[in-house]
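Chemist: Please see the structure below; I have some questions.
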Amino acid sequence: MGLGWAANQQCRRWTTSRVRGATLLCCMFLFFFTPAIPRSPKHHQFVDMRNLLGVPNTLNVITNFPFLVVGVLGLVLAIEGGFFNISSRGEVWTWALFYAGIAGVAFGSAYYHLKPDDHRVLWDTLPMMVAFSSLFSCLVVERFGQRTGLCCVFALIVAAFLCVVYERIYNDIRFCVTFQLILPLAIPVIAVMYRSKYTHSRYWFLSTGIYLLAKFEGITDKKIYHVNNYIISGHSLEHLCLALIPTLLSLMLIYREPKFQRVVDVKDRP
């Protein structure tokens, strides 16, 4: 048991070092070898601009409400600790931060869609990046342990703030786009490569599939709006689809059960 645990710890340290090195190389490549990408004015042009009941861009605004519901409920249940199957303080903190980020998306995205422009978009971007960072760290806590996960969430939150500040100062979206692309795709990779101590790991893959579907709906905003006879746009559907992700993950937290006990997890218990 002792030799196995030591080998496991060494493997984790080696993997963490590789991830840090790859991240650093990626950032250096983006900064030195790729041109700056300014935010295009077309980013703020959504096909559905209807004003219903005095609310500008009504559907793009109100479709953020599900984020608020699932975010607040998830935050309360994660902190309370009796309803979700959470076995360490690290999981409590990372999942609570994830649901707080989801609730923040509701306010930030609604505020942005009331009057889309370069000044408001950061309030839409930052909560989303916080949610991505904390969700990725939830998986790291689950697969690698509490200490690694908490270090990860701290580093990623700082990186998210720096990416948004950089974009705001230099009008360069390279780092924000890379951040929002890499983390969601890294989640299923880690879920495949490393065993979980819980059941119901398939929810991680279902969430990734829904995320890709949501991105497709956002890209085809205008086409979807025309296909359904101008009832709802692709971007509004993207909001609703993304709100399914924390809902699915909440179901995972409710129904999952420990598969086996590891020495490192005993130390992580509150």
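Convention: chains lettered A, B, ... in structure tokens order; per-chain residue numbering from 1; ligands numbered from 1 as shown.
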Based on the backbone DSSP call, show me all residues of stretch 133-239 of chain A assigned helix (DSSP H, G or I), as a PyMOL selection string.

Modeler: chain A and resi 133-144+146-170+174-193+202-219+221-227+234-239

Chemist: Leaving out A:Tyr194 and any residue of its chain fewer than 2 positions from it, which residues lie within 10 Å of it when counting only C-alpha atoms, given as a list in words?

Modeler: Val140, Glu142, Arg143, Phe144, Val189, Ile190, Ala191, Val192, Ser196 and Lys197 of chain A

Chemist: Would you pick out the contacts of A:Ile79 at 8 Å or less, using only C-alpha atoms, so that residues sharing its chain but fewer than 2 positions from it are not included, and give the list as a PyMOL selection string?

Modeler: chain A and resi 75-77+81+92-93+96

Chemist: Those residues with N, CA, C and O atoms, as a PDB file, in the first residue's frame please?

Modeler:
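Saved as out.pdb:
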ATOM      1  N   LEU A  75     -25.357  26.179  -5.101  1.00  0.00           N
ATOM      2  CA  LEU A  75     -24.473  26.787  -4.102  1.00  0.00           C
ATOM      3  C   LEU A  75     -24.935  26.448  -2.692  1.00  0.00           C
ATOM      4  O   LEU A  75     -24.126  26.063  -1.828  1.00  0.00           O
ATOM      5  N   VAL A  76     -26.229  26.557  -2.460  1.00  0.00           N
ATOM      6  CA  VAL A  76     -26.773  26.248  -1.123  1.00  0.00           C
ATOM      7  C   VAL A  76     -26.555  24.781  -0.781  1.00  0.00           C
ATOM      8  O   VAL A  76     -26.117  24.446   0.330  1.00  0.00           O
ATOM      9  N   LEU A  77     -26.835  23.894  -1.725  1.00  0.00           N
ATOM     10  CA  LEU A  77     -26.698  22.460  -1.460  1.00  0.00           C
ATOM     11  C   LEU A  77     -25.235  22.046  -1.299  1.00  0.00           C
ATOM     12  O   LEU A  77     -24.928  21.163  -0.497  1.00  0.00           O
ATOM     13  N   GLY A  81     -23.928  20.518   2.270  1.00  0.00           N
ATOM     14  CA  GLY A  81     -23.135  19.295   2.322  1.00  0.00           C
ATOM     15  C   GLY A  81     -23.872  18.004   2.585  1.00  0.00           C
ATOM     16  O   GLY A  81     -23.261  16.944   2.522  1.00  0.00           O
ATOM     17  N   VAL A  92     -16.076  20.730  -1.549  1.00  0.00           N
ATOM     18  CA  VAL A  92     -17.081  21.720  -1.148  1.00  0.00           C
ATOM     19  C   VAL A  92     -16.724  23.089  -1.724  1.00  0.00           C
ATOM     20  O   VAL A  92     -17.562  23.778  -2.316  1.00  0.00           O
ATOM     21  N   TRP A  93     -15.488  23.498  -1.558  1.00  0.00           N
ATOM     22  CA  TRP A  93     -15.069  24.826  -1.999  1.00  0.00           C
ATOM     23  C   TRP A  93     -15.106  24.960  -3.516  1.00  0.00           C
ATOM     24  O   TRP A  93     -15.587  25.976  -4.034  1.00  0.00           O
ATOM     25  N   ALA A  96     -18.799  24.800  -4.717  1.00  0.00           N
ATOM     26  CA  ALA A  96     -19.487  26.030  -4.318  1.00  0.00           C
ATOM     27  C   ALA A  96     -19.077  27.180  -5.234  1.00  0.00           C
ATOM     28  O   ALA A  96     -19.924  27.989  -5.661  1.00  0.00           O
TER      29      ALA A  96
END
